[in-house]
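Structure file protein29.cif (mmCIF, C-alpha atoms) follows.
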```
data_my_file
#
loop_
_atom_site.group_PDB
_atom_site.id
_atom_site.type_symbol
_atom_site.label_atom_id
_atom_site.label_comp_id
_atom_site.auth_asym_id
_atom_site.auth_seq_id
_atom_site.Cartn_x
_atom_site.Cartn_y
_atom_site.Cartn_z
ATOM 1 C CA MET A 1 -1.548 -14.611 -64.572
ATOM 2 C CA THR A 2 -0.250 -14.119 -61.048
ATOM 3 C CA GLY A 3 -1.647 -10.583 -60.938
ATOM 4 C CA ASN A 4 -5.025 -11.766 -62.206
ATOM 5 C CA LEU A 5 -5.062 -14.507 -59.651
ATOM 6 C CA SER A 6 -4.424 -12.193 -56.760
ATOM 7 C CA ARG A 7 -7.324 -10.021 -57.956
ATOM 8 C CA ALA A 8 -9.504 -13.104 -58.151
ATOM 9 C CA PHE A 9 -8.531 -14.220 -54.667
ATOM 10 C CA SER A 10 -9.082 -10.764 -53.300
ATOM 11 C CA ALA A 11 -12.543 -10.669 -54.897
ATOM 12 C CA LEU A 12 -13.275 -14.085 -53.418
ATOM 13 C CA GLY A 13 -12.087 -12.942 -50.007
ATOM 14 C CA ASP A 14 -15.515 -11.519 -49.257
ATOM 15 C CA ARG A 15 -17.955 -13.998 -47.719
ATOM 16 C CA THR A 16 -20.938 -12.996 -49.842
ATOM 17 C CA ARG A 17 -18.975 -13.049 -53.077
ATOM 18 C CA PHE A 18 -17.494 -16.403 -52.199
ATOM 19 C CA ALA A 19 -21.005 -17.752 -51.559
ATOM 20 C CA ILE A 20 -22.207 -16.405 -54.909
ATOM 21 C CA VAL A 21 -19.340 -18.088 -56.776
ATOM 22 C CA ASP A 22 -19.800 -21.300 -54.854
ATOM 23 C CA GLN A 23 -23.456 -21.328 -55.815
ATOM 24 C CA LEU A 24 -22.691 -20.652 -59.491
ATOM 25 C CA LEU A 25 -20.144 -23.447 -59.524
ATOM 26 C CA ARG A 26 -22.731 -25.876 -58.220
ATOM 27 C CA ASP A 27 -25.811 -24.713 -60.088
ATOM 28 C CA GLY A 28 -24.351 -23.271 -63.297
ATOM 29 C CA GLU A 29 -25.563 -20.081 -64.932
ATOM 30 C CA LYS A 30 -27.933 -17.845 -62.981
ATOM 31 C CA SER A 31 -29.523 -14.476 -63.499
ATOM 32 C CA ALA A 32 -28.800 -11.540 -61.200
ATOM 33 C CA GLY A 33 -32.393 -11.830 -59.979
ATOM 34 C CA GLU A 34 -31.976 -15.481 -59.004
ATOM 35 C CA ILE A 35 -28.787 -14.623 -57.163
ATOM 36 C CA VAL A 36 -30.562 -11.829 -55.256
ATOM 37 C CA ASP A 37 -33.232 -14.341 -54.209
ATOM 38 C CA SER A 38 -30.647 -16.755 -52.847
ATOM 39 C CA VAL A 39 -28.660 -14.317 -50.709
ATOM 40 C CA SER A 40 -30.355 -12.084 -48.177
ATOM 41 C CA LEU A 41 -29.190 -8.788 -49.638
ATOM 42 C CA SER A 42 -30.694 -5.985 -51.653
ATOM 43 C CA ALA A 43 -30.482 -6.008 -55.437
ATOM 44 C CA PRO A 44 -28.067 -3.031 -55.552
ATOM 45 C CA ALA A 45 -25.764 -4.730 -53.028
ATOM 46 C CA VAL A 46 -25.738 -7.970 -55.038
ATOM 47 C CA SER A 47 -25.170 -5.993 -58.193
ATOM 48 C CA ARG A 48 -22.088 -4.387 -56.652
ATOM 49 C CA HIS A 49 -20.704 -7.798 -55.654
ATOM 50 C CA LEU A 50 -21.325 -9.175 -59.140
ATOM 51 C CA LYS A 51 -19.543 -6.206 -60.639
ATOM 52 C CA VAL A 52 -16.478 -6.826 -58.475
ATOM 53 C CA LEU A 53 -16.434 -10.526 -59.424
ATOM 54 C CA HIS A 54 -16.872 -9.724 -63.081
ATOM 55 C CA SER A 55 -14.103 -7.146 -63.208
ATOM 56 C CA ALA A 56 -11.768 -9.490 -61.311
ATOM 57 C CA GLY A 57 -12.281 -12.026 -64.103
ATOM 58 C CA VAL A 58 -14.035 -14.565 -61.908
ATOM 59 C CA LEU A 59 -17.441 -14.338 -63.589
ATOM 60 C CA ASP A 60 -18.618 -14.181 -67.165
ATOM 61 C CA ARG A 61 -21.714 -12.111 -67.915
ATOM 62 C CA ARG A 62 -24.090 -12.238 -70.841
ATOM 63 C CA VAL A 63 -27.398 -10.598 -71.471
ATOM 64 C CA ALA A 64 -30.336 -12.635 -72.699
ATOM 65 C CA ARG A 65 -33.951 -11.485 -72.803
ATOM 66 C CA GLN A 66 -33.126 -8.443 -70.715
ATOM 67 C CA LYS A 67 -31.607 -10.590 -68.013
ATOM 68 C CA ARG A 68 -28.008 -10.490 -66.912
ATOM 69 C CA LEU A 69 -26.760 -14.052 -66.667
ATOM 70 C CA TYR A 70 -23.648 -14.993 -64.728
ATOM 71 C CA THR A 71 -21.340 -18.016 -64.845
ATOM 72 C CA VAL A 72 -17.935 -18.790 -63.373
ATOM 73 C CA ARG A 73 -15.171 -18.508 -65.962
ATOM 74 C CA PRO A 74 -13.651 -21.960 -66.570
ATOM 75 C CA ASP A 75 -10.220 -20.473 -67.325
ATOM 76 C CA MET A 76 -10.250 -18.890 -63.880
ATOM 77 C CA ILE A 77 -10.989 -22.263 -62.306
ATOM 78 C CA ARG A 78 -8.093 -23.767 -64.232
ATOM 79 C CA ALA A 79 -5.797 -20.920 -63.233
ATOM 80 C CA ILE A 80 -6.688 -21.374 -59.575
ATOM 81 C CA ASN A 81 -6.151 -25.071 -59.986
ATOM 82 C CA ARG A 82 -2.723 -24.627 -61.530
ATOM 83 C CA TRP A 83 -1.775 -22.276 -58.756
ATOM 84 C CA THR A 84 -2.830 -24.723 -56.072
ATOM 85 C CA MET A 85 -1.301 -27.716 -57.874
ATOM 86 C CA ASP A 86 1.626 -27.802 -55.591
ATOM 87 C CA HIS A 87 4.429 -30.142 -54.762
ATOM 88 C CA GLN A 88 2.172 -32.033 -52.400
ATOM 89 C CA ALA A 89 0.142 -33.197 -55.398
ATOM 90 C CA PHE A 90 3.252 -33.835 -57.483
ATOM 91 C CA TRP A 91 4.738 -36.164 -54.916
ATOM 92 C CA SER A 92 1.545 -37.778 -53.839
ATOM 93 C CA SER A 93 0.778 -38.785 -57.417
ATOM 94 C CA ALA A 94 4.343 -40.064 -57.905
ATOM 95 C CA LEU A 95 4.273 -42.039 -54.666
ATOM 96 C CA ASP A 96 1.010 -43.718 -55.652
ATOM 97 C CA ARG A 97 2.799 -45.079 -58.706
ATOM 98 C CA LEU A 98 5.858 -46.023 -56.664
ATOM 99 C CA GLU A 99 3.622 -48.079 -54.406
ATOM 100 C CA GLN A 100 1.952 -49.753 -57.398
ATOM 101 C CA ALA A 101 5.358 -50.561 -58.882
ATOM 102 C CA LEU A 102 6.570 -52.062 -55.599
ATOM 103 C CA ASN A 103 3.436 -54.184 -55.279
ATOM 104 C CA LYS A 104 3.630 -55.390 -58.861
ATOM 105 C CA ASP A 105 7.306 -56.220 -58.455
ATOM 106 C CA GLY A 106 6.446 -58.232 -55.342
ATOM 107 C CA LEU A 107 4.044 -60.437 -57.318
ATOM 108 C CA ASP A 108 6.710 -61.178 -59.905
ATOM 109 C CA ASP A 109 9.220 -62.451 -57.322
ATOM 110 C CA MET B 1 8.703 -20.679 -47.376
ATOM 111 C CA THR B 2 6.785 -23.881 -47.012
ATOM 112 C CA ASP B 3 7.558 -27.559 -46.551
ATOM 113 C CA VAL B 4 5.736 -30.546 -47.922
ATOM 114 C CA VAL B 5 5.844 -33.764 -45.922
ATOM 115 C CA LEU B 6 4.468 -37.077 -47.128
ATOM 116 C CA GLU B 7 4.533 -40.347 -45.239
ATOM 117 C CA ARG B 8 3.709 -43.754 -46.626
ATOM 118 C CA GLN B 9 3.927 -47.343 -45.468
ATOM 119 C CA PHE B 10 5.109 -49.727 -48.156
ATOM 120 C CA ALA B 11 4.786 -53.499 -47.874
ATOM 121 C CA ALA B 12 8.155 -54.032 -49.577
ATOM 122 C CA PRO B 13 11.444 -54.491 -47.679
ATOM 123 C CA ILE B 14 13.673 -51.450 -47.237
ATOM 124 C CA GLU B 15 16.369 -52.615 -49.724
ATOM 125 C CA LYS B 16 13.803 -52.954 -52.467
ATOM 126 C CA VAL B 17 12.239 -49.562 -51.754
ATOM 127 C CA PHE B 18 15.701 -48.004 -51.774
ATOM 128 C CA ASP B 19 16.377 -49.633 -55.132
ATOM 129 C CA TYR B 20 13.209 -47.993 -56.491
ATOM 130 C CA ILE B 21 14.216 -44.536 -55.304
ATOM 131 C CA SER B 22 17.873 -44.749 -56.348
ATOM 132 C CA SER B 23 18.152 -46.733 -59.613
ATOM 133 C CA PRO B 24 17.539 -44.406 -62.574
ATOM 134 C CA GLU B 25 15.463 -46.894 -64.568
ATOM 135 C CA LYS B 26 13.262 -47.671 -61.554
ATOM 136 C CA VAL B 27 12.769 -44.025 -60.618
ATOM 137 C CA LEU B 28 11.496 -43.486 -64.167
ATOM 138 C CA VAL B 29 8.616 -45.858 -63.485
ATOM 139 C CA TRP B 30 7.021 -43.547 -60.937
ATOM 140 C CA TRP B 31 8.567 -40.113 -61.444
ATOM 141 C CA GLY B 32 6.260 -37.126 -61.948
ATOM 142 C CA PRO B 33 2.558 -36.402 -61.729
ATOM 143 C CA GLU B 34 -0.167 -38.202 -63.701
ATOM 144 C CA SER B 35 -0.358 -37.922 -67.444
ATOM 145 C CA VAL B 36 3.027 -36.455 -68.237
ATOM 146 C CA THR B 37 5.734 -38.183 -70.242
ATOM 147 C CA VAL B 38 9.192 -38.067 -68.704
ATOM 148 C CA ARG B 39 12.009 -37.377 -71.193
ATOM 149 C CA ASN B 40 15.699 -36.521 -71.151
ATOM 150 C CA ALA B 41 15.875 -37.818 -67.636
ATOM 151 C CA ASP B 42 18.951 -38.560 -65.597
ATOM 152 C CA LEU B 43 17.480 -39.627 -62.311
ATOM 153 C CA ASN B 44 20.383 -41.288 -60.596
ATOM 154 C CA PHE B 45 19.627 -40.703 -56.937
ATOM 155 C CA GLY B 46 21.996 -43.541 -56.013
ATOM 156 C CA GLN B 47 25.094 -41.387 -56.241
ATOM 157 C CA VAL B 48 26.145 -37.834 -55.476
ATOM 158 C CA GLY B 49 25.989 -35.632 -58.553
ATOM 159 C CA PRO B 50 23.613 -33.801 -60.889
ATOM 160 C CA TRP B 51 20.163 -35.021 -61.879
ATOM 161 C CA THR B 52 17.655 -33.677 -64.373
ATOM 162 C CA SER B 53 14.311 -34.488 -65.950
ATOM 163 C CA GLU B 54 11.764 -33.056 -68.330
ATOM 164 C CA MET B 55 8.067 -33.717 -68.074
ATOM 165 C CA HIS B 56 6.043 -33.296 -71.220
ATOM 166 C CA ALA B 57 2.367 -32.572 -70.728
ATOM 167 C CA LYS B 58 -0.238 -33.568 -73.312
ATOM 168 C CA ASP B 59 -0.732 -29.956 -74.374
ATOM 169 C CA GLY B 60 2.938 -29.784 -75.338
ATOM 170 C CA THR B 61 4.121 -27.874 -72.296
ATOM 171 C CA ILE B 62 7.512 -28.962 -70.997
ATOM 172 C CA PHE B 63 8.347 -28.797 -67.320
ATOM 173 C CA LYS B 64 12.032 -29.122 -66.580
ATOM 174 C CA VAL B 65 13.345 -29.702 -63.119
ATOM 175 C CA SER B 66 16.915 -30.410 -62.038
ATOM 176 C CA GLY B 67 19.218 -30.478 -59.062
ATOM 177 C CA GLU B 68 22.125 -32.081 -57.360
ATOM 178 C CA VAL B 69 22.169 -35.243 -55.281
ATOM 179 C CA THR B 70 24.035 -34.176 -52.149
ATOM 180 C CA GLU B 71 23.770 -37.191 -49.863
ATOM 181 C CA VAL B 72 23.164 -40.911 -50.324
ATOM 182 C CA ASP B 73 23.019 -43.289 -47.379
ATOM 183 C CA PRO B 74 21.835 -46.717 -48.620
ATOM 184 C CA PRO B 75 19.284 -48.004 -47.805
ATOM 185 C CA HIS B 76 18.185 -45.220 -45.461
ATOM 186 C CA SER B 77 18.156 -41.856 -47.147
ATOM 187 C CA VAL B 78 18.723 -39.682 -50.168
ATOM 188 C CA ILE B 79 18.957 -35.887 -50.249
ATOM 189 C CA PHE B 80 18.849 -33.787 -53.398
ATOM 190 C CA THR B 81 18.249 -30.185 -54.401
ATOM 191 C CA TRP B 82 15.380 -29.229 -56.693
ATOM 192 C CA ALA B 83 14.639 -26.280 -58.980
ATOM 193 C CA TRP B 84 12.252 -25.734 -61.886
ATOM 194 C CA HIS B 85 13.590 -24.223 -65.080
ATOM 195 C CA ASP B 86 11.718 -21.394 -66.744
ATOM 196 C CA ASP B 87 10.988 -21.077 -70.479
ATOM 197 C CA THR B 88 14.493 -19.757 -71.102
ATOM 198 C CA ASP B 89 15.998 -22.716 -69.209
ATOM 199 C CA VAL B 90 17.034 -20.598 -66.226
ATOM 200 C CA ARG B 91 16.795 -22.424 -62.925
ATOM 201 C CA GLY B 92 14.504 -20.827 -60.369
ATOM 202 C CA HIS B 93 14.364 -20.968 -56.598
ATOM 203 C CA GLU B 94 16.142 -23.986 -55.166
ATOM 204 C CA SER B 95 14.503 -26.267 -52.637
ATOM 205 C CA GLN B 96 15.613 -29.537 -51.015
ATOM 206 C CA VAL B 97 14.094 -33.003 -51.101
ATOM 207 C CA GLN B 98 14.913 -35.613 -48.507
ATOM 208 C CA ILE B 99 13.669 -39.184 -48.652
ATOM 209 C CA VAL B 100 14.034 -41.237 -45.489
ATOM 210 C CA LEU B 101 13.332 -44.957 -45.248
ATOM 211 C CA ALA B 102 12.928 -46.917 -42.043
ATOM 212 C CA LYS B 103 12.388 -50.615 -41.608
ATOM 213 C CA GLN B 104 9.069 -51.500 -40.067
ATOM 214 C CA GLY B 105 8.397 -55.211 -39.661
ATOM 215 C CA GLY B 106 8.711 -56.680 -43.145
ATOM 216 C CA GLY B 107 7.804 -53.353 -44.694
ATOM 217 C CA THR B 108 9.177 -49.867 -44.988
ATOM 218 C CA ASN B 109 8.207 -46.503 -43.593
ATOM 219 C CA PHE B 110 8.695 -43.933 -46.295
ATOM 220 C CA THR B 111 8.986 -40.202 -45.546
ATOM 221 C CA LEU B 112 9.511 -37.502 -48.132
ATOM 222 C CA ILE B 113 10.220 -33.947 -47.024
ATOM 223 C CA HIS B 114 10.339 -31.182 -49.612
ATOM 224 C CA ARG B 115 11.836 -28.192 -47.798
ATOM 225 C CA ASN B 116 12.246 -24.546 -48.463
ATOM 226 C CA LEU B 117 9.685 -24.232 -51.246
ATOM 227 C CA ALA B 118 9.009 -20.662 -52.283
ATOM 228 C CA SER B 119 5.417 -19.829 -51.459
ATOM 229 C CA ASP B 120 4.743 -18.539 -54.965
ATOM 230 C CA GLU B 121 6.709 -21.297 -56.669
ATOM 231 C CA SER B 122 3.779 -23.185 -58.034
ATOM 232 C CA ALA B 123 2.400 -20.026 -59.624
ATOM 233 C CA GLN B 124 5.663 -19.383 -61.423
ATOM 234 C CA SER B 125 6.614 -22.830 -62.508
ATOM 235 C CA HIS B 126 3.395 -24.659 -63.175
ATOM 236 C CA THR B 127 2.302 -22.517 -66.056
ATOM 237 C CA ALA B 128 0.288 -25.325 -67.572
ATOM 238 C CA GLY B 129 -1.972 -27.784 -65.873
ATOM 239 C CA TRP B 130 -1.023 -30.977 -64.223
ATOM 240 C CA THR B 131 -4.017 -32.507 -65.814
ATOM 241 C CA SER B 132 -4.576 -35.067 -63.112
ATOM 242 C CA SER B 133 -5.386 -32.452 -60.545
ATOM 243 C CA ILE B 134 -7.646 -30.442 -62.812
ATOM 244 C CA GLY B 135 -10.041 -33.362 -62.825
ATOM 245 C CA ARG B 136 -9.765 -33.683 -59.095
ATOM 246 C CA LEU B 137 -10.475 -30.014 -58.460
ATOM 247 C CA GLU B 138 -13.321 -29.918 -60.910
ATOM 248 C CA ALA B 139 -14.809 -32.948 -59.206
ATOM 249 C CA GLU B 140 -14.560 -31.060 -55.918
ATOM 250 C CA PHE B 141 -16.756 -28.391 -57.346
#
```
As structure tokens, the full file:
Amino acid sequence: MTGNLSRAFSALGDRTRFAIVDQLLRDGEKSAGEIVDSVSLSAPAVSRHLKVLHSAGVLDRRVARQKRLYTVRPDMIRAINRWTMDHQAFWSSALDRLEQALNKDGLDD
Amino acid sequence: MTDVVLERQFAAPIEKVFDYISSPEKVLVWWGPESVTVRNADLNFGQVGPWTSEMHAKDGTIFKVSGEVTEVDPPHSVIFTWAWHDDTDVRGHESQVQIVLAKQGGGTNFTLIHRNLASDESAQSHTAGWTSSIGRLEAEF
């Protein structure tokens, strides 16, 4: 997974590709044509970016009615999430419960 | 290598907060991230010696973490080492956790410093989701 992740991050390291993924995360599935309309680049340039994102495992692609439709792969989102779920989150969640326990204990006194 | 630092202000007096971070049965109340069940835990941070705990996620994944309590200074501080175990129960990179309490009025200033974390540690050890943060991240998007 670590290797896949570094490919994903490297694909996302480009500003245009990041913007495309960001847009797909917000709006859901879009066709290549709709993506071209939303970024100010030529169709071949967008197509190249989509290819990079697809081969890095960031995007899923399906063809419907002669359109190429793209979505962000949910397993990639989860993988990124797991990777960023760090000790900060571990402790911060634990300390929230510690605080609740202390407050509750105070009421019982 | 990275450090994590968290600071909190608790309304409880320092002795009580220390009790909650050093008595095994009280540590159990808050130990771990959301939505995991803590099992096979020996979380005695009140005395120098080994500690261990397993966290069982809903999908069946087990996260084991253990270490050694190296310093206890009631009611001010506790220091212990920390390392995740892999699937074959081998301990990975060791980091250090220090909890420091300071009296502030009737309450307590709480500082937790997790030092010397390997930068790729979360990728290696958190092979399954801490479900609480998945929701949070997905909400972000």
Between CA of Asp89 in chain B and CA of Val29 in chain B, what is the spacing in Å?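 One can read the CA of Val29 in chain B to CA of Asp89 in chain B distance as 25.0 Å.
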Which residue, B:Ser22, B:Arg8, B:Glu15, B:Thr61, has the smallest gap to Gly106 in chain B when you use only C-alpha atoms?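 Closest candidate: B:Glu15.
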Apply the PyMOL selection byres ((chain A and resi 46-53) around 12) to the displayed file and report the matching residues as an MDAnalysis selection string. chainID A and resid 4 7:21 24 30:45 54:61 68:73 76
Going by the chain IDs and residue numbers used in this file, which residues fall under the PyMOL selection byres ((chain B and resi 4) around 6)? Write them as a list in words.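 Expected selection for the PyMOL selection byres ((chain B and resi 4) around 6) here is Gln88 of chain A; Asp3, Val5, Ile113 and His114 of chain B.
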Which residues would end up in the selection if the PyMOL selection byres ((chain B and resi 65) around 7) were applied here, given that I need the answer as a PyMOL selection string? chain B and resi 52-54+63-64+66+82-85
The residues within 12 Å of (14.3, -48.8, -62.6), using all atoms listed in the file and the coordinates of the file, should be reported as a short mmCIF file (atom, residue, chain, number, x, y, z; two decimals) with C-alpha atoms, in the frame of the given file; which are they?
```cif
data_model
loop_
_atom_site.label_atom_id
_atom_site.label_comp_id
_atom_site.auth_asym_id
_atom_site.auth_seq_id
_atom_site.Cartn_x
_atom_site.Cartn_y
_atom_site.Cartn_z
CA LEU A 98 5.86 -46.02 -56.66
CA ALA A 101 5.36 -50.56 -58.88
CA LEU A 102 6.57 -52.06 -55.60
CA ASP A 105 7.31 -56.22 -58.46
CA LYS B 16 13.80 -52.95 -52.47
CA VAL B 17 12.24 -49.56 -51.75
CA PHE B 18 15.70 -48.00 -51.77
CA ASP B 19 16.38 -49.63 -55.13
CA TYR B 20 13.21 -47.99 -56.49
CA ILE B 21 14.22 -44.54 -55.30
CA SER B 22 17.87 -44.75 -56.35
CA SER B 23 18.15 -46.73 -59.61
CA PRO B 24 17.54 -44.41 -62.57
CA GLU B 25 15.46 -46.89 -64.57
CA LYS B 26 13.26 -47.67 -61.55
CA VAL B 27 12.77 -44.02 -60.62
CA LEU B 28 11.50 -43.49 -64.17
CA VAL B 29 8.62 -45.86 -63.48
CA TRP B 30 7.02 -43.55 -60.94
CA TRP B 31 8.57 -40.11 -61.44
CA ASP B 42 18.95 -38.56 -65.60
CA LEU B 43 17.48 -39.63 -62.31
CA ASN B 44 20.38 -41.29 -60.60
CA PHE B 45 19.63 -40.70 -56.94
CA GLY B 46 22.00 -43.54 -56.01
#
```
To one decimal place in Å, what is the distance between CA of Leu112 in chain B and CA of Glu7 in chain B?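 Answer for the CA of Leu112 in chain B to CA of Glu7 in chain B separation: 6.4 Å.
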Hey, which of B:Val38, B:Ala102, B:Val97, B:Val90 ends up closest to Pro74 in chain B? Count all atoms listed in the file.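 The shortest atom-to-atom distance to Pro74 in chain B comes from B:Ala102.
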Which residues, protein or nucleic acid, reach to within 6 Å of (21.4, -40.4, -53.2) in the file's coordinates when using only C-alpha atoms, and can you give that as a list in words?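 All residues meeting the 6 Å criterion around (21.4, -40.4, -53.2) are Phe45, Gly46, Gln47, Val48, Val69, Glu71, Val72, Val78 and Ile79 of chain B.
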Quick one: pull the distance between CA of Gly107 in chain B and CA of Glu99 in chain A, Å, one decimal.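 Pair CA of Gly107 in chain B / CA of Glu99 in chain A returns 11.8 Å.
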Closest to chain B among A:Gln23, A:Ser6, A:Phe90, A:Ile77, using all atoms listed in the file?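 Nearest candidate to chain B out of A:Gln23, A:Ser6, A:Phe90, A:Ile77: A:Phe90.
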Surrounding residues of Thr111 in chain B excluding itself and chain neighbours under 5 positions, 6 Å, only C-alpha atoms, as a ChimeraX atom specification: /B:6-7,99-100
Proximity to chain A - best of B:Thr70, B:Arg115, B:Gly92, B:Ala41, only C-alpha atoms: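 Selected residue with least distance to chain A: B:Arg115.
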Which residue is closest to chain A? Choose from B:Pro13, B:Gly60, B:Gly32, B:Pro50 and count only C-alpha atoms.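 For chain A, the nearest of the given residues is B:Gly32.
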Between B:Val36, B:Ala11, B:Leu101, B:Met55, which one has atoms that come closest to chain A, using only C-alpha atoms?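 Between B:Val36, B:Ala11, B:Leu101, B:Met55, the residue approaching chain A most closely is B:Ala11.
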What would range 59-67 of chain A look like with all heavy atoms in place, written as a compact mmCIF listing (two decimals), in the frame of the given file?
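Everything below was put into rebuild.txt:
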```
# COMPACT_ATOMS: atom_id res chain seq x y z
N LEU A 59 -16.16 -14.02 -62.97
CA LEU A 59 -17.44 -14.34 -63.59
C LEU A 59 -17.53 -13.84 -65.03
O LEU A 59 -16.97 -12.79 -65.37
CB LEU A 59 -18.59 -13.71 -62.79
CG LEU A 59 -18.81 -14.16 -61.35
CD1 LEU A 59 -20.08 -13.53 -60.81
CD2 LEU A 59 -18.86 -15.68 -61.23
N ASP A 60 -18.23 -14.61 -65.82
CA ASP A 60 -18.62 -14.18 -67.17
C ASP A 60 -20.04 -13.65 -67.09
O ASP A 60 -20.85 -14.16 -66.31
CB ASP A 60 -18.61 -15.39 -68.12
CG ASP A 60 -17.40 -15.37 -69.02
OD1 ASP A 60 -16.80 -14.29 -69.19
OD2 ASP A 60 -17.05 -16.44 -69.54
N ARG A 61 -20.36 -12.66 -67.93
CA ARG A 61 -21.71 -12.11 -67.92
C ARG A 61 -22.23 -12.06 -69.35
O ARG A 61 -21.50 -11.71 -70.27
CB ARG A 61 -21.66 -10.70 -67.35
CG ARG A 61 -23.01 -10.04 -67.20
CD ARG A 61 -22.87 -8.70 -66.53
NE ARG A 61 -22.03 -7.79 -67.30
CZ ARG A 61 -21.43 -6.73 -66.81
NH1 ARG A 61 -21.53 -6.44 -65.53
NH2 ARG A 61 -20.69 -5.94 -67.57
N ARG A 62 -23.48 -12.45 -69.53
CA ARG A 62 -24.09 -12.24 -70.84
C ARG A 62 -25.52 -11.77 -70.62
O ARG A 62 -26.10 -11.99 -69.53
CB ARG A 62 -24.04 -13.52 -71.70
CG ARG A 62 -24.90 -14.65 -71.19
CD ARG A 62 -24.72 -15.90 -72.04
NE ARG A 62 -25.63 -16.93 -71.54
CZ ARG A 62 -26.82 -17.21 -72.10
NH1 ARG A 62 -27.22 -16.55 -73.17
NH2 ARG A 62 -27.59 -18.15 -71.59
N VAL A 63 -26.04 -11.11 -71.60
CA VAL A 63 -27.40 -10.60 -71.47
C VAL A 63 -28.30 -11.39 -72.42
O VAL A 63 -27.98 -11.54 -73.59
CB VAL A 63 -27.45 -9.09 -71.81
CG1 VAL A 63 -28.88 -8.56 -71.69
CG2 VAL A 63 -26.53 -8.32 -70.88
N ALA A 64 -29.37 -11.91 -71.87
CA ALA A 64 -30.34 -12.64 -72.70
C ALA A 64 -31.73 -12.30 -72.21
O ALA A 64 -32.02 -12.38 -71.02
CB ALA A 64 -30.10 -14.15 -72.61
N ARG A 65 -32.57 -11.90 -73.11
CA ARG A 65 -33.95 -11.48 -72.80
C ARG A 65 -33.99 -10.53 -71.60
O ARG A 65 -34.65 -10.76 -70.60
CB ARG A 65 -34.84 -12.72 -72.57
CG ARG A 65 -35.28 -13.35 -73.90
CD ARG A 65 -36.05 -14.64 -73.68
NE ARG A 65 -35.13 -15.75 -73.44
CZ ARG A 65 -35.24 -16.60 -72.44
NH1 ARG A 65 -36.24 -16.51 -71.58
NH2 ARG A 65 -34.37 -17.58 -72.31
N GLN A 66 -33.20 -9.49 -71.73
CA GLN A 66 -33.13 -8.44 -70.72
C GLN A 66 -32.70 -8.91 -69.33
O GLN A 66 -32.89 -8.23 -68.33
CB GLN A 66 -34.46 -7.70 -70.61
CG GLN A 66 -34.50 -6.51 -71.55
CD GLN A 66 -35.84 -6.37 -72.23
OE1 GLN A 66 -36.86 -6.73 -71.67
NE2 GLN A 66 -35.83 -5.86 -73.45
N LYS A 67 -32.12 -10.11 -69.30
CA LYS A 67 -31.61 -10.59 -68.01
C LYS A 67 -30.09 -10.65 -68.09
O LYS A 67 -29.54 -11.02 -69.13
CB LYS A 67 -32.13 -12.00 -67.73
CG LYS A 67 -33.51 -12.03 -67.12
CD LYS A 67 -33.85 -13.46 -66.79
CE LYS A 67 -35.21 -13.57 -66.13
NZ LYS A 67 -35.56 -14.97 -65.92
```
